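Below is the file final.cif, which contains mmCIF, C-alpha atoms.
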data_input
loop_
_atom_site.label_atom_id
_atom_site.label_comp_id
_atom_site.auth_asym_id
_atom_site.auth_seq_id
_atom_site.Cartn_x
_atom_site.Cartn_y
_atom_site.Cartn_z
CA MET G 1 31.03 37.50 -45.50
CA ILE G 2 32.58 37.87 -42.06
CA PRO G 3 30.25 37.07 -39.15
CA LEU G 4 29.63 39.81 -36.61
CA SER G 5 30.82 37.54 -33.82
CA TRP G 6 34.37 37.47 -35.25
CA TYR G 7 34.69 41.22 -34.88
CA LEU G 8 33.26 41.16 -31.37
CA ILE G 9 35.57 38.35 -30.26
CA LEU G 10 38.59 40.11 -31.78
CA ALA G 11 37.64 43.28 -29.92
CA ALA G 12 37.15 41.32 -26.68
CA ALA G 13 40.60 39.73 -27.06
CA LEU G 14 42.19 43.10 -27.77
CA MET G 15 40.43 44.57 -24.73
CA GLY G 16 41.75 41.71 -22.57
CA ILE G 17 45.31 42.19 -23.83
CA GLY G 18 45.15 45.93 -23.23
CA LEU G 19 43.73 45.50 -19.73
CA TYR G 20 46.48 42.99 -18.97
CA GLY G 21 49.03 45.61 -20.00
CA VAL G 22 47.39 48.28 -17.86
CA ILE G 23 47.27 46.03 -14.80
CA THR G 24 50.69 44.43 -14.96
CA ARG G 25 53.05 47.02 -16.42
CA LYS G 26 55.40 48.69 -13.97
CA ASN G 27 56.22 51.45 -16.43
CA LEU G 28 53.59 54.18 -16.71
CA VAL G 29 54.15 54.51 -20.45
CA GLY G 30 53.57 50.77 -20.78
CA ALA G 31 50.26 51.12 -18.99
CA LEU G 32 49.32 53.88 -21.43
CA ILE G 33 50.14 51.58 -24.37
CA GLY G 34 47.71 49.03 -22.94
CA LEU G 35 45.11 51.77 -22.63
CA GLU G 36 45.47 52.59 -26.34
CA LEU G 37 44.76 48.95 -27.21
CA MET G 38 41.60 49.03 -25.09
CA LEU G 39 40.35 52.21 -26.78
CA ASN G 40 40.93 50.63 -30.18
CA SER G 41 38.93 47.56 -29.27
CA VAL G 42 36.01 49.83 -28.36
CA ASN G 43 36.24 51.50 -31.76
CA ILE G 44 36.19 48.12 -33.52
CA ASN G 45 33.02 47.24 -31.62
CA LEU G 46 31.34 50.55 -32.46
CA LEU G 47 32.10 50.28 -36.16
CA ALA G 48 31.05 46.62 -36.28
CA PHE G 49 27.70 47.45 -34.69
CA TRP G 50 27.29 50.39 -37.07
CA ARG G 51 27.97 48.17 -40.08
CA TYR G 52 25.83 45.20 -39.04
CA LEU G 53 22.92 46.75 -37.14
CA HIS G 54 22.40 50.16 -38.72
CA TYR G 55 18.82 49.72 -39.86
CA ALA G 56 17.74 52.67 -37.71
CA GLN G 57 17.19 55.55 -40.12
CA PRO G 58 19.99 58.05 -39.41
CA GLU G 59 22.98 55.94 -40.44
CA MET G 60 25.57 58.34 -39.10
CA ASP G 61 25.17 57.50 -35.40
CA GLY G 62 27.97 54.96 -35.30
CA LEU G 63 30.38 57.05 -37.33
CA VAL G 64 29.84 60.15 -35.20
CA PHE G 65 30.33 58.05 -32.08
CA VAL G 66 33.62 56.70 -33.40
CA ALA G 67 34.79 60.20 -34.34
CA LEU G 68 34.06 61.43 -30.82
CA ALA G 69 35.86 58.40 -29.39
CA PHE G 70 38.90 59.34 -31.48
CA VAL G 71 38.83 62.88 -30.08
CA VAL G 72 38.60 61.65 -26.51
CA ALA G 73 41.38 59.10 -27.07
CA ALA G 74 43.70 61.74 -28.47
CA ALA G 75 42.94 64.08 -25.57
CA GLU G 76 43.47 61.31 -23.05
CA THR G 77 46.86 60.38 -24.48
CA ALA G 78 48.09 63.96 -24.61
CA VAL G 79 47.11 64.67 -21.01
CA GLY G 80 48.40 61.29 -19.84
CA LEU G 81 51.81 61.79 -21.40
CA ALA G 82 52.03 65.33 -20.03
CA LEU G 83 51.26 63.93 -16.57
CA ILE G 84 53.91 61.22 -17.01
CA ILE G 85 56.53 63.78 -18.01
CA SER G 86 55.56 66.02 -15.10
CA ALA G 87 55.68 63.11 -12.65
CA TYR G 88 59.01 62.01 -14.05
CA ARG G 89 60.41 65.49 -13.57
CA SER G 90 59.46 65.67 -9.90
CA ARG G 91 60.00 62.03 -8.88
CA LYS G 92 62.72 60.98 -11.36
CA THR G 93 60.90 57.73 -12.04
CA VAL G 94 58.06 56.32 -14.13
CA ASP G 95 57.74 53.17 -12.00
CA VAL G 96 54.19 52.99 -10.66
CA ASN G 97 55.39 51.04 -7.60
CA GLU G 98 57.54 53.97 -6.52
CA MET G 99 54.78 56.55 -6.87
CA ASN G 100 53.47 56.03 -3.34
CA LEU G 101 53.33 59.59 -2.06
CA LEU G 102 49.67 59.22 -1.08
CA LYS G 103 50.15 55.87 0.63
CA GLY G 104 49.02 55.92 4.26
CA MET O 1 35.87 30.27 -46.53
CA SER O 2 35.72 33.47 -48.49
CA ALA O 3 38.65 35.74 -49.26
CA GLY O 4 37.34 38.35 -46.84
CA GLN O 5 37.39 35.84 -44.00
CA VAL O 6 40.96 34.80 -44.78
CA ILE O 7 42.07 38.43 -44.80
CA PHE O 8 40.22 39.04 -41.54
CA LEU O 9 41.90 36.09 -39.86
CA LEU O 10 45.35 37.16 -41.04
CA VAL O 11 44.86 40.77 -39.98
CA GLY O 12 43.32 39.73 -36.68
CA ALA O 13 46.23 37.40 -35.93
CA VAL O 14 48.75 40.18 -36.65
CA THR O 15 46.76 42.66 -34.53
CA LEU O 16 46.47 40.35 -31.53
CA GLY O 17 50.02 39.04 -31.83
CA SER O 18 51.58 42.47 -31.94
CA GLY O 19 49.24 43.59 -29.17
CA ILE O 20 50.54 40.77 -26.97
CA ALA O 21 54.09 41.73 -27.91
CA ALA O 22 53.34 45.36 -27.06
CA VAL O 23 52.25 44.55 -23.51
CA ASN O 24 55.09 42.07 -22.97
CA ALA O 25 58.08 43.70 -24.66
CA ARG O 26 60.92 44.37 -22.25
CA LYS O 27 62.04 47.58 -23.90
CA MET O 28 59.50 50.39 -23.95
CA LEU O 29 60.60 51.56 -27.39
CA HIS O 30 59.97 48.09 -28.79
CA ALA O 31 56.58 48.05 -27.10
CA ALA O 32 55.72 51.35 -28.78
CA LEU O 33 56.71 49.97 -32.19
CA TRP O 34 54.64 46.83 -31.62
CA LEU O 35 51.75 49.11 -30.72
CA VAL O 36 52.14 50.82 -34.10
CA LEU O 37 51.81 47.46 -35.87
CA SER O 38 48.75 46.59 -33.82
CA LEU O 39 47.12 49.95 -34.61
CA LEU O 40 47.81 49.38 -38.29
CA GLY O 41 46.00 46.05 -38.02
CA VAL O 42 43.02 47.84 -36.47
CA ALA O 43 43.07 50.25 -39.41
CA PHE O 44 42.78 47.25 -41.75
CA ILE O 45 39.83 45.98 -39.70
CA PHE O 46 38.16 49.37 -40.14
CA ALA O 47 38.70 49.10 -43.89
CA LEU O 48 37.13 45.62 -43.85
CA LEU O 49 34.10 47.17 -42.11
CA GLU O 50 33.74 49.57 -45.06
CA ALA O 51 34.63 52.55 -42.88
CA SER O 52 37.54 53.63 -45.03
CA PHE O 53 37.43 57.17 -43.66
CA PHE O 54 38.14 55.88 -40.19
CA ALA O 55 40.89 53.62 -41.48
CA VAL O 56 42.61 56.76 -42.76
CA VAL O 57 41.88 58.65 -39.53
CA GLN O 58 43.28 55.73 -37.56
CA VAL O 59 46.57 55.91 -39.46
CA LEU O 60 46.71 59.70 -39.16
CA VAL O 61 45.69 60.11 -35.53
CA TYR O 62 46.93 56.96 -33.87
CA ILE O 63 50.05 56.08 -35.83
CA GLY O 64 50.88 59.61 -36.88
CA ALA O 65 50.26 61.39 -33.60
CA ILE O 66 49.63 59.16 -30.61
CA ALA O 67 52.37 56.63 -31.31
CA ILE O 68 54.86 59.44 -31.87
CA LEU O 69 53.77 61.04 -28.59
CA ILE O 70 54.34 57.74 -26.80
CA ILE O 71 57.80 57.38 -28.34
CA PHE O 72 58.59 60.93 -27.20
CA ALA O 73 57.48 60.05 -23.68
CA VAL O 74 59.61 56.89 -23.72
CA MET O 75 62.65 58.89 -24.72
CA LEU O 76 62.02 61.70 -22.23
CA SER O 77 61.62 59.30 -19.31
CA ARG O 78 64.29 56.88 -20.30
CA SER O 79 66.98 56.87 -17.67
CA SER O 80 64.89 55.85 -14.67
CA LEU O 81 63.25 52.45 -15.09
CA THR O 82 65.99 50.85 -17.13
CA ASP O 83 65.10 48.11 -19.50
CA GLU O 84 66.80 45.41 -17.47
CA GLY O 85 64.93 43.26 -15.01
CA THR O 86 61.29 42.36 -14.91
CA GLN O 87 58.85 44.84 -16.39
CA THR O 88 55.71 43.44 -14.84
CA ASN O 89 54.25 43.11 -11.39
CA PRO O 90 55.02 39.88 -9.56
CA ARG O 91 51.40 38.73 -9.69
CA TRP O 92 50.99 39.06 -13.45
CA TRP O 93 49.70 35.48 -13.70
CA LEU O 94 46.74 36.41 -11.50
CA ALA O 95 45.83 39.20 -13.93
CA ALA O 96 46.29 36.88 -16.90
CA LEU O 97 44.05 34.24 -15.32
CA GLY O 98 41.33 36.72 -14.42
CA LEU O 99 41.35 38.29 -17.87
CA LEU O 100 41.22 34.87 -19.54
CA ILE O 101 38.09 34.08 -17.52
CA LEU O 102 36.67 37.48 -18.45
CA PHE O 103 37.42 36.85 -22.12
CA VAL O 104 35.69 33.46 -22.07
CA GLY O 105 32.70 35.06 -20.36
CA ILE O 106 32.48 37.82 -22.96
CA CYS O 107 32.75 35.26 -25.78
CA ALA O 108 29.93 33.21 -24.26
CA ALA O 109 27.80 36.35 -23.93
CA ILE O 110 28.51 37.29 -27.56
CA LEU O 111 27.67 33.86 -28.92
CA LEU O 112 24.47 33.58 -26.88
CA TRP O 113 23.24 36.99 -28.07
CA PRO O 114 20.47 36.42 -30.66
CA LYS O 115 21.41 39.35 -32.89
CA VAL O 116 24.95 38.11 -33.40
CA THR O 117 23.93 36.30 -36.57
CA SER O 118 22.58 39.46 -38.23
CA ILE O 119 23.61 39.99 -41.81
CA PRO O 120 24.92 43.41 -42.81
CA ALA O 121 22.57 45.21 -45.16
CA PRO O 122 24.25 46.75 -48.17
CA LEU O 123 25.35 50.24 -47.24
CA PRO O 124 23.39 53.06 -48.85
CA ALA O 125 25.61 55.45 -50.77
CA SER O 126 24.85 58.21 -48.28
CA ALA O 127 26.38 56.19 -45.45
CA THR O 128 29.87 56.29 -46.91
CA ASP O 129 29.58 59.83 -48.17
CA LEU O 130 31.80 62.13 -46.14
CA ALA O 131 29.67 65.17 -46.93
CA THR O 132 26.74 63.50 -45.16
CA LEU O 133 28.87 62.87 -42.09
CA GLY O 134 30.10 66.46 -42.11
CA LYS O 135 26.59 67.88 -42.45
CA GLU O 136 25.35 65.64 -39.68
CA LEU O 137 28.13 66.90 -37.40
CA VAL O 138 27.09 70.55 -37.76
CA ASN O 139 23.35 69.90 -37.88
CA PRO O 140 21.66 71.55 -34.84
CA ASN O 141 19.18 68.67 -34.77
CA GLY O 142 22.02 66.17 -35.14
CA TYR O 143 25.36 66.23 -33.42
CA LEU O 144 26.24 69.92 -33.20
CA VAL O 145 26.45 70.00 -29.40
CA PRO O 146 28.75 66.95 -29.02
CA PHE O 147 30.87 68.26 -31.88
CA GLU O 148 31.34 71.65 -30.24
CA LEU O 149 31.93 70.04 -26.85
CA SER O 150 34.67 67.89 -28.33
CA SER O 151 36.36 70.96 -29.75
CA ILE O 152 36.25 72.57 -26.29
CA LEU O 153 37.70 69.34 -24.88
CA LEU O 154 40.56 69.47 -27.38
CA LEU O 155 41.29 73.11 -26.51
CA ALA O 156 41.27 72.32 -22.79
CA THR O 157 43.56 69.36 -23.44
CA LEU O 158 45.98 71.51 -25.40
CA VAL O 159 46.21 74.13 -22.66
CA GLY O 160 46.24 71.58 -19.85
CA ALA O 161 48.92 69.39 -21.41
CA ILE O 162 51.22 72.33 -22.05
CA TYR O 163 50.64 73.71 -18.55
CA THR O 164 51.29 70.31 -16.94
CA ALA O 165 54.36 69.38 -18.92
CA VAL O 166 56.14 72.70 -18.97
CA GLU O 167 58.89 73.28 -16.44
CA LYS O 168 57.81 75.69 -13.71
CA LYS O 169 60.10 78.52 -12.68
CA GLU O 170 60.38 77.53 -9.03
CA GLU O 171 61.35 74.01 -10.08
CA ILE O 172 64.20 75.31 -12.16
CA LYS O 173 65.54 77.30 -9.19
CA LYS O 174 65.60 74.21 -6.96
#
How does this structure look as structure tokens?
Amino acid sequence: MIPLSWYLILAAALMGIGLYGVITRKNLVGALIGLELMLNSVNINLLAFWRYLHYAQPEMDGLVFVALAFVVAAAETAVGLALIISAYRSRKTVDVNEMNLLKG
Amino acid sequence: MSAGQVIFLLVGAVTLGSGIAAVNARKMLHAALWLVLSLLGVAFIFALLEASFFAVVQVLVYIGAIAILIIFAVMLSRSSLTDEGTQTNPRWWLAALGLLILFVGICAAILLWPKVTSIPAPLPASATDLATLGKELVNPNGYLVPFELSSILLLATLVGAIYTAVEKKEEIKK
């Protein structure tokens, strides 16, 4: 049997890796890849809690939560990539350091 | 060590390793392919958690749709930030250090939490039954409202993404 802590530590490591990608990547698409890793770590946590601590009577809470997280993740990626393509079209770059139009 | 633990460690190592490769790869296309491997590892983790439905959904939605979308975006925005030169901010080590501290803190919090030793109860048959999940999603006393809201969100996303990404007429004239 796998201890619950293993899942939680794996998810924490995946969250850290994803956040590192979001913070350090110069390329917008790279930042989005890091974001996907973070969303996945959240889903691991939700399913692990559902599996290990589901003694509350309706057992579907965790599964429904994960399904909604999937929907939001898909929506977020679609809008994010549309924004990247739109920004690329007007600025001819996906480098976050060059997107400084709002800089004072 | 049981067989399940060995499988978990192998899958976890592949997931984390390809995740690290995905945030460090110089070429964006390679990063996207590493992301696919990492997402596949997460699908295996879902299967280990006895959520086989979500393992399938993970492969369908993430690998089948999101990864392909990312590869499209890489190819559509290719010419600008070429793959030569550094791909990260100059102060990446600061981020790495901060996140390492954060990770150690989270691990300490996890291990100090009293419920972390809880043993999973055997799943009742209804918990893995898809029909139960489906009925719960359209049950007015259950999750009908979040379910409908998520469908509205998806519709809004569809319209918004097309509107944002499509080339406007005045831009073409320029």
Hits of the PyMOL selection byres ((chain O and resi 96) around 10) in this structure, as a PyMOL selection string = (chain G and resi 16-17+19-21+23-24) or (chain O and resi 91-95+97-102)
Interface rows for chain G against chain O: nearest pair, Å to one decimal, 6 Å, only C-alpha atoms, as JSON lines:
{"residue": "G:Ile2", "atom": "CA", "partner": "O:Gln5", "partner_atom": "CA", "distance": 5.6}
{"residue": "G:Leu4", "atom": "CA", "partner": "O:Val116", "partner_atom": "CA", "distance": 5.9}
{"residue": "G:Ser5", "atom": "CA", "partner": "O:Val116", "partner_atom": "CA", "distance": 5.9}
{"residue": "G:Gly16", "atom": "CA", "partner": "O:Leu99", "partner_atom": "CA", "distance": 5.8}
{"residue": "G:Gly21", "atom": "CA", "partner": "O:Val23", "partner_atom": "CA", "distance": 4.9}
{"residue": "G:Thr24", "atom": "CA", "partner": "O:Thr88", "partner_atom": "CA", "distance": 5.1}
{"residue": "G:Arg25", "atom": "CA", "partner": "O:Thr88", "partner_atom": "CA", "distance": 4.7}
{"residue": "G:Lys26", "atom": "CA", "partner": "O:Thr88", "partner_atom": "CA", "distance": 5.3}
{"residue": "G:Tyr52", "atom": "CA", "partner": "O:Pro120", "partner_atom": "CA", "distance": 4.3}
{"residue": "G:Ala75", "atom": "CA", "partner": "O:Thr157", "partner_atom": "CA", "distance": 5.7}
{"residue": "G:Val79", "atom": "CA", "partner": "O:Ala161", "partner_atom": "CA", "distance": 5.1}
{"residue": "G:Ala82", "atom": "CA", "partner": "O:Ala165", "partner_atom": "CA", "distance": 4.8}
{"residue": "G:Ser86", "atom": "CA", "partner": "O:Ala165", "partner_atom": "CA", "distance": 5.2}
{"residue": "G:Thr93", "atom": "CA", "partner": "O:Ser80", "partner_atom": "CA", "distance": 5.1}
From atom CA of Leu35 of chain G to atom CA of Val22 of chain G the spacing works out at 6.3 Å
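What separates atom CA of Pro114 of chain O from atom CA of Leu47 of chain G is a distance of 18.9 Å.
Distance check against Ser90 of chain G using all atoms listed in the file: of O:Leu40, O:Ala109, O:Leu33, O:Lys168, the minimum falls on O:Lys168.
Of the listed residues G:Leu39, G:Ala67, G:Ala48, G:Ala31, the one whose atoms come nearest to Ile9 of chain G is G:Ala48, with distances taken using all atoms listed in the file.
Among G:Ala69, G:Val94, G:Asp61, G:Arg51, the residue with the shortest atom-to-atom distance to Met38 of chain G, counting all atoms listed in the file, is G:Ala69.
Our summary of the geometry notes that atom CA of Val66 of chain G is positioned 23.0 Å from atom CA of Ser18 of chain O.
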